[in-house]
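Next comes my_file26.txt, a file with compact mmCIF, C-alpha atoms.
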# COMPACT_ATOMS: atom_id res chain seq x y z
CA MET A 1 47.50 120.91 113.73
CA ALA A 2 44.49 122.39 111.92
CA ALA A 3 43.17 120.59 108.84
CA LYS A 4 44.28 123.50 106.66
CA ASP A 5 47.88 123.16 107.80
CA ILE A 6 47.84 119.38 107.30
CA PHE A 7 46.77 119.84 103.67
CA HIS A 8 49.42 122.52 103.18
CA GLU A 9 52.12 120.04 104.26
CA THR A 10 50.53 117.32 102.12
CA VAL A 11 50.74 119.44 98.96
CA ARG A 12 54.26 120.55 99.81
CA LYS A 13 55.34 116.90 100.08
CA ALA A 14 53.39 115.90 96.96
CA LEU A 15 55.20 118.59 94.95
CA GLU A 16 58.58 117.46 96.29
CA THR A 17 57.78 113.83 95.39
CA ASP A 18 56.91 115.11 91.90
CA GLY A 19 60.40 116.61 91.55
CA TRP A 20 59.68 120.22 92.50
CA THR A 21 61.87 122.32 94.76
CA ILE A 22 59.91 124.48 97.17
CA THR A 23 61.39 127.98 97.01
CA ASP A 24 58.79 130.04 98.91
CA ASP A 25 56.44 129.16 101.78
CA PRO A 26 54.53 131.46 101.48
CA LEU A 27 55.20 133.31 98.23
CA LEU A 28 54.68 137.09 98.45
CA LEU A 29 53.06 138.88 95.53
CA PRO A 30 52.57 142.67 95.32
CA LEU A 31 49.21 144.12 94.31
CA GLY A 32 48.81 147.88 94.41
CA GLU A 33 50.21 148.94 97.79
CA ARG A 34 49.42 145.56 99.35
CA LYS A 35 51.14 142.20 99.61
CA LEU A 36 49.30 138.97 98.86
CA TYR A 37 50.43 135.62 100.20
CA VAL A 38 50.20 132.53 98.00
CA ASP A 39 50.79 129.28 99.91
CA LEU A 40 53.77 127.92 97.96
CA GLY A 41 56.28 128.86 95.30
CA ALA A 42 58.22 126.08 93.54
CA GLU A 43 60.59 125.47 90.67
CA LYS A 44 61.67 122.52 88.54
CA LEU A 45 64.32 122.08 85.87
CA LEU A 46 62.74 120.89 82.66
CA THR A 47 65.37 118.71 81.02
CA ALA A 48 63.79 119.07 77.58
CA ASN A 49 64.81 122.70 77.14
CA LYS A 50 67.07 123.10 80.22
CA GLU A 51 64.88 125.91 81.45
CA ASP A 52 63.45 126.31 84.91
CA GLN A 53 59.69 126.19 85.29
CA TYR A 54 58.15 128.28 88.07
CA ILE A 55 54.79 127.79 89.74
CA ALA A 56 52.76 129.34 92.55
CA VAL A 57 50.30 127.08 94.36
CA GLU A 58 47.32 128.08 96.48
CA VAL A 59 46.26 125.13 98.63
CA LYS A 60 42.58 124.52 99.38
CA SER A 61 41.34 121.80 101.71
CA PHE A 62 37.59 122.24 101.14
CA VAL A 63 37.17 121.21 104.76
CA GLY A 64 34.63 123.00 106.97
CA ASN A 65 32.56 125.57 105.10
CA SER A 66 30.21 124.75 102.23
CA ILE A 67 31.94 123.83 98.98
CA MET A 68 30.49 126.91 97.21
CA SER A 69 31.74 129.26 99.92
CA GLU A 70 35.22 127.72 99.67
CA LEU A 71 35.09 127.94 95.89
CA GLU A 72 34.13 131.63 95.97
CA LYS A 73 37.11 132.39 98.19
CA ALA A 74 39.45 130.27 96.02
CA VAL A 75 38.30 131.95 92.77
CA GLY A 76 38.83 135.39 94.33
CA GLN A 77 42.32 134.56 95.56
CA TYR A 78 43.28 133.00 92.23
CA THR A 79 41.97 136.01 90.29
CA LEU A 80 43.92 138.52 92.40
CA TYR A 81 47.14 136.45 92.44
CA ARG A 82 46.95 135.97 88.67
CA GLN A 83 46.47 139.69 88.19
CA SER A 84 49.57 140.37 90.31
CA LEU A 85 51.61 137.95 88.16
CA ARG A 86 50.29 139.61 84.97
CA ILE A 87 51.23 143.09 86.21
CA GLN A 88 54.73 141.82 87.01
CA GLN A 89 54.88 140.11 83.58
CA SER A 90 55.92 136.98 85.47
CA ASN A 91 56.25 133.63 83.71
CA ARG A 92 55.23 131.82 86.92
CA GLN A 93 52.20 129.57 86.41
CA LEU A 94 49.49 129.75 89.08
CA TYR A 95 47.74 126.58 90.29
CA LEU A 96 44.86 126.00 92.67
CA ALA A 97 45.47 122.76 94.60
CA ILE A 98 42.27 120.89 95.52
CA PRO A 99 41.80 117.45 97.13
CA THR A 100 40.42 114.49 95.16
CA ASP A 101 36.98 114.49 96.83
CA ALA A 102 36.39 118.19 96.10
CA TYR A 103 37.48 117.58 92.50
CA VAL A 104 34.92 114.77 92.16
CA GLU A 105 32.16 116.88 93.72
CA LEU A 106 32.93 119.93 91.56
CA SER A 107 33.03 117.68 88.45
CA THR A 108 29.63 116.17 89.33
CA ASP A 109 28.26 119.70 89.75
CA LYS A 110 29.67 120.65 86.30
CA LEU A 111 31.75 123.38 87.89
CA ILE A 112 35.24 122.12 86.97
CA SER A 113 34.79 122.95 83.28
CA ILE A 114 33.52 126.43 84.19
CA ILE A 115 36.48 127.06 86.47
CA GLN A 116 39.01 125.61 84.08
CA GLU A 117 37.73 126.57 80.64
CA ASP A 118 35.60 129.67 81.20
CA LEU A 119 37.71 131.26 83.95
CA GLY A 120 41.04 129.85 82.70
CA MET A 121 42.17 128.55 86.09
CA LYS A 122 44.85 125.86 86.32
CA LEU A 123 44.19 123.08 88.80
CA LEU A 124 46.32 120.56 90.63
CA VAL A 125 44.42 117.63 92.18
CA TYR A 126 46.11 116.01 95.20
CA ASN A 127 45.23 112.84 97.09
CA PRO A 128 45.35 113.52 100.85
CA THR A 129 45.77 109.79 101.61
CA THR A 130 48.62 108.87 99.26
CA LYS A 131 50.10 112.40 99.46
CA LEU A 132 50.56 112.36 95.69
CA ILE A 133 49.50 114.69 92.89
CA GLU A 134 46.87 112.88 90.81
CA LEU A 135 46.19 115.41 88.06
CA TRP A 136 47.47 118.63 86.54
CA LEU A 137 44.81 120.62 84.69
CA PRO A 138 45.54 121.69 82.08
CA MET B 1 20.79 142.59 113.72
CA ALA B 2 24.25 141.68 112.41
CA ALA B 3 26.31 144.36 110.66
CA LYS B 4 26.06 142.44 107.39
CA ASP B 5 22.24 142.57 107.49
CA ILE B 6 22.22 146.28 108.38
CA PHE B 7 24.30 147.08 105.29
CA HIS B 8 22.06 144.87 103.17
CA GLU B 9 19.04 146.96 104.22
CA THR B 10 21.03 150.18 103.72
CA VAL B 11 21.84 149.30 100.10
CA ARG B 12 18.28 148.14 99.47
CA LYS B 13 16.98 151.52 100.68
CA ALA B 14 19.68 153.45 98.78
CA LEU B 15 18.66 151.73 95.53
CA GLU B 16 14.99 152.49 96.16
CA THR B 17 15.82 156.15 96.85
CA ASP B 18 17.73 156.13 93.54
CA GLY B 19 14.56 155.05 91.72
CA TRP B 20 15.17 151.30 91.50
CA THR B 21 12.52 148.67 92.16
CA ILE B 22 13.84 145.69 94.12
CA THR B 23 12.64 142.56 92.33
CA ASP B 24 14.70 139.85 94.05
CA ASP B 25 16.08 139.54 97.59
CA PRO B 26 18.11 137.38 97.08
CA LEU B 27 18.50 136.81 93.33
CA LEU B 28 19.13 133.17 92.38
CA LEU B 29 21.62 132.43 89.59
CA PRO B 30 22.32 128.94 88.24
CA LEU B 31 25.92 127.75 87.79
CA GLY B 32 26.46 124.16 86.67
CA GLU B 33 24.21 122.07 88.92
CA ARG B 34 24.35 124.64 91.72
CA LYS B 35 22.46 127.79 92.62
CA LEU B 36 24.25 130.99 93.60
CA TYR B 37 22.61 133.72 95.65
CA VAL B 38 23.31 137.37 94.83
CA ASP B 39 22.01 139.77 97.49
CA LEU B 40 19.66 141.89 95.37
CA GLY B 41 18.06 142.06 91.95
CA ALA B 42 16.57 145.37 90.80
CA GLU B 43 15.10 147.08 87.76
CA LYS B 44 14.52 150.64 86.59
CA LEU B 45 12.70 152.12 83.62
CA LEU B 46 15.07 154.29 81.61
CA THR B 47 12.90 157.03 80.19
CA ALA B 48 15.41 157.83 77.43
CA ASN B 49 14.74 154.64 75.48
CA LYS B 50 11.74 153.31 77.41
CA GLU B 51 13.65 150.13 78.16
CA ASP B 52 14.03 148.45 81.52
CA GLN B 53 17.52 148.23 82.96
CA TYR B 54 18.32 145.23 85.16
CA ILE B 55 21.03 144.93 87.79
CA ALA B 56 22.26 142.39 90.33
CA VAL B 57 23.98 143.75 93.44
CA GLU B 58 26.26 141.90 95.84
CA VAL B 59 26.53 143.88 99.09
CA LYS B 60 29.80 143.97 101.02
CA SER B 61 30.16 145.63 104.41
CA PHE B 62 33.95 145.23 104.82
CA VAL B 63 33.25 144.89 108.53
CA GLY B 64 35.11 142.31 110.59
CA ASN B 65 37.77 140.45 108.61
CA SER B 66 40.81 142.10 107.03
CA ILE B 67 40.04 144.19 103.95
CA MET B 68 42.09 141.85 101.71
CA SER B 69 40.25 138.78 102.96
CA GLU B 70 36.91 140.49 102.27
CA LEU B 71 38.14 141.60 98.86
CA GLU B 72 39.22 138.06 97.91
CA LYS B 73 35.78 136.74 98.79
CA ALA B 74 34.05 139.60 96.92
CA VAL B 75 36.16 139.10 93.77
CA GLY B 76 35.39 135.37 93.80
CA GLN B 77 31.66 135.91 94.19
CA TYR B 78 31.62 138.58 91.49
CA THR B 79 33.58 136.36 89.08
CA LEU B 80 31.23 133.38 89.54
CA TYR B 81 28.04 135.48 89.37
CA ARG B 82 29.26 137.23 86.23
CA GLN B 83 30.05 133.88 84.63
CA SER B 84 26.52 132.68 85.40
CA LEU B 85 25.06 135.80 83.75
CA ARG B 86 27.32 135.28 80.71
CA ILE B 87 26.25 131.65 80.33
CA GLN B 88 22.60 132.76 80.48
CA GLN B 89 23.34 135.55 77.97
CA SER B 90 21.65 137.86 80.45
CA ASN B 91 21.66 141.63 79.95
CA ARG B 92 21.62 142.15 83.74
CA GLN B 93 24.55 144.27 84.93
CA LEU B 94 26.40 143.04 88.03
CA TYR B 95 27.55 145.49 90.72
CA LEU B 96 29.60 145.05 93.87
CA ALA B 97 28.31 147.44 96.55
CA ILE B 98 30.99 148.71 98.93
CA PRO B 99 30.81 151.32 101.70
CA THR B 100 32.53 154.71 101.38
CA ASP B 101 35.34 153.97 103.85
CA ALA B 102 36.31 150.72 102.07
CA TYR B 103 36.28 152.61 98.76
CA VAL B 104 38.67 155.22 100.18
CA GLU B 105 40.98 152.54 101.63
CA LEU B 106 41.02 150.50 98.41
CA SER B 107 41.70 153.67 96.39
CA THR B 108 44.62 154.60 98.66
CA ASP B 109 46.00 151.09 98.21
CA LYS B 110 45.69 151.48 94.41
CA LEU B 111 43.38 148.48 94.26
CA ILE B 112 40.24 150.17 92.88
CA SER B 113 41.77 150.64 89.43
CA ILE B 114 42.91 147.00 89.39
CA ILE B 115 39.44 145.76 90.36
CA GLN B 116 37.64 148.09 88.00
CA GLU B 117 39.91 148.32 84.97
CA ASP B 118 41.95 145.10 85.00
CA LEU B 119 39.22 142.78 86.30
CA GLY B 120 36.31 144.69 84.72
CA MET B 121 34.21 144.81 87.87
CA LYS B 122 31.42 147.38 88.25
CA LEU B 123 31.20 149.10 91.63
CA LEU B 124 28.52 150.94 93.54
CA VAL B 125 29.72 153.03 96.49
CA TYR B 126 27.17 153.59 99.26
CA ASN B 127 27.28 155.83 102.30
CA PRO B 128 26.15 153.88 105.39
CA THR B 129 25.32 157.13 107.25
CA THR B 130 23.21 158.95 104.65
CA LYS B 131 21.93 155.67 103.19
CA LEU B 132 22.56 157.05 99.71
CA ILE B 133 24.49 155.82 96.69
CA GLU B 134 27.51 158.08 96.20
CA LEU B 135 29.09 156.64 93.08
CA TRP B 136 28.45 154.22 90.22
CA LEU B 137 31.66 152.88 88.64
CA PRO B 138 31.72 152.77 85.71

So, in terms of C-alpha cells, how does the structure I just supplied come out?
Amino acid sequence: MAAKDIFHETVRKALETDGWTITDDPLLLPLGERKLYVDLGAEKLLTANKEDQYIAVEVKSFVGNSIMSELEKAVGQYTLYRQSLRIQQSNRQLYLAIPTDAYVELSTDKLISIIQEDLGMKLLVYNPTTKLIELWLP
Amino acid sequence: MAAKDIFHETVRKALETDGWTITDDPLLLPLGERKLYVDLGAEKLLTANKEDQYIAVEVKSFVGNSIMSELEKAVGQYTLYRQSLRIQQSNRQLYLAIPTDAYVELSTDKLISIIQEDLGMKLLVYNPTTKLIELWLP
C-alpha cells in the first residue's frame, strides 16, 4: 500500500475514533463543468444544539516531494474545494489534514500562521503513530 | 529540452515582444522562513504616467498531467506568491501564464470565470505557435 493510502486510512480511523461518521470516501464536489474529489466527507451530531456538523477533509501525507511543493498543491486543492462549497452555499467545513511532523516543520518556517490566518484555511493535525487527531485549527 | 522549459522560453520571448524587460528568471519571493520561486519577473515603462510597471509571471504548460491536477498546483502557487507580495506590500502584479488550448478548455468547463472573478487571479494567455501573448485578463 502506498504511503498516501496508508495516511488516508489513518485519518479515516482518527476521525472515527473522534466520534465522526464517514459518509463519503471520496466526497464529490462540482466546480464549473468538472467534478473535484475531496478525500473524505464526515458528519457528527453535536449534542449541544442537536444539529449535525459536516466536514470535508483533504488528507496530505507530506511524504516524497519537497514540503513546499506539497504545500502548493494542498493550498490549490483547498482553494478550489472551498470555492465549490461557497458556490453551493454549503455549511460543510473544509479541513486540510496534515501529519504532526509537517505541522512542526511548517510552524518552524512560520508558514502555519500564513496558511491559517492569512489564507483562512482550517487544519487538522493527525499523529500517524497513535492514529489520533492531535489538533483542530481553528 | 523538456516541454515545461520550452514554454518557459516561449513566454519569456512573448513578453519581450510585448515590450517587457525580463529582470528576474526566476524571481525569488520570501514567505515565512522560505523562499518561493516564480518563473519570471519583468518590468515595462508606461509612457502615459512615466512610471514603471512590475509583474511576476508563473508559466504553466498544461502538458502531461490532467488539466485539473495542473490547475490545482497553479492555484496553490498563485495563492502563495500573491500572499508573499501582499506581505511585502509590493506593487508587482502577479500573472498566471497559460497556453491558448488550456484557456479554451478551462473556458468550456466554466472554470476561467471562477479562477478570474471568484479567486481574483490575473491571467496571461500565450500562443505556443506564434510565441505571442493573445490576452491579458483582466

**OP:** Work out how far atom CA of A:Gly76 is from atom CA of B:Ile133, in Å to one decimal.
**Re:**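 Atom-to-atom, atom CA of B:Ile133 and atom CA of A:Gly76 are spaced 25.1 Å apart.
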
**OP:** Select residues of chain A: the criterion is any atom within 7 Å of an atom of chain B, counting all atoms listed in the file; output as a list in words.
**Re:**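 The answer, sorted by residue number, is Gly32, Glu33, Arg34, Glu72, Lys73, Ala74, Val75, Gly76, Gln77, Asp109, Lys110 and Leu111 of chain A.
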
Take the point (61.1, 127.6, 94.5) in the file's coordinates, draw a sphere of radius 12 Å around it, and report as a PDB file with C-alpha atoms, in the frame of the given file every protein, DNA or RNA residue with an atom inside or on it, counting only C-alpha atoms.
ATOM      1  CA  ARG A  12      54.260 120.550  99.810  1.00  0.00           C
ATOM      2  CA  LEU A  15      55.200 118.590  94.950  1.00  0.00           C
ATOM      3  CA  GLU A  16      58.580 117.460  96.290  1.00  0.00           C
ATOM      4  CA  GLY A  19      60.400 116.610  91.550  1.00  0.00           C
ATOM      5  CA  TRP A  20      59.680 120.220  92.500  1.00  0.00           C
ATOM      6  CA  THR A  21      61.870 122.320  94.760  1.00  0.00           C
ATOM      7  CA  ILE A  22      59.910 124.480  97.170  1.00  0.00           C
ATOM      8  CA  THR A  23      61.390 127.980  97.010  1.00  0.00           C
ATOM      9  CA  ASP A  24      58.790 130.040  98.910  1.00  0.00           C
ATOM     10  CA  ASP A  25      56.440 129.160 101.780  1.00  0.00           C
ATOM     11  CA  PRO A  26      54.530 131.460 101.480  1.00  0.00           C
ATOM     12  CA  LEU A  27      55.200 133.310  98.230  1.00  0.00           C
ATOM     13  CA  ASP A  39      50.790 129.280  99.910  1.00  0.00           C
ATOM     14  CA  LEU A  40      53.770 127.920  97.960  1.00  0.00           C
ATOM     15  CA  GLY A  41      56.280 128.860  95.300  1.00  0.00           C
ATOM     16  CA  ALA A  42      58.220 126.080  93.540  1.00  0.00           C
ATOM     17  CA  GLU A  43      60.590 125.470  90.670  1.00  0.00           C
ATOM     18  CA  LYS A  44      61.670 122.520  88.540  1.00  0.00           C
ATOM     19  CA  LEU A  45      64.320 122.080  85.870  1.00  0.00           C
ATOM     20  CA  ASP A  52      63.450 126.310  84.910  1.00  0.00           C
ATOM     21  CA  GLN A  53      59.690 126.190  85.290  1.00  0.00           C
ATOM     22  CA  TYR A  54      58.150 128.280  88.070  1.00  0.00           C
ATOM     23  CA  ILE A  55      54.790 127.790  89.740  1.00  0.00           C
ATOM     24  CA  ALA A  56      52.760 129.340  92.550  1.00  0.00           C
ATOM     25  CA  VAL A  57      50.300 127.080  94.360  1.00  0.00           C
ATOM     26  CA  ARG A  92      55.230 131.820  86.920  1.00  0.00           C
TER      27      ARG A  92
END

Subject >> Spatial neighbours of A:Glu58, 6 Å, only C-alpha atoms, chain gap at least 6 places, as a list in words >> reply: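 Non-adjacent residues within range: Val38, Asp39, Leu96 and Ala97 of chain A.
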
Original post:
Which residues, written as a list in words, have at least one atom at most 10 Å from B:Leu124, with all atoms listed in the file counted and residues fewer than 6 positions away on the same chain left out?
Top reply: Val11, Val57, Glu58, Val59, Leu94, Tyr95, Leu96, Ala97, Ile98, Pro99, Thr100, Tyr103, Ile133, Glu134, Leu135, Trp136, Leu137 and Pro138 of chain B
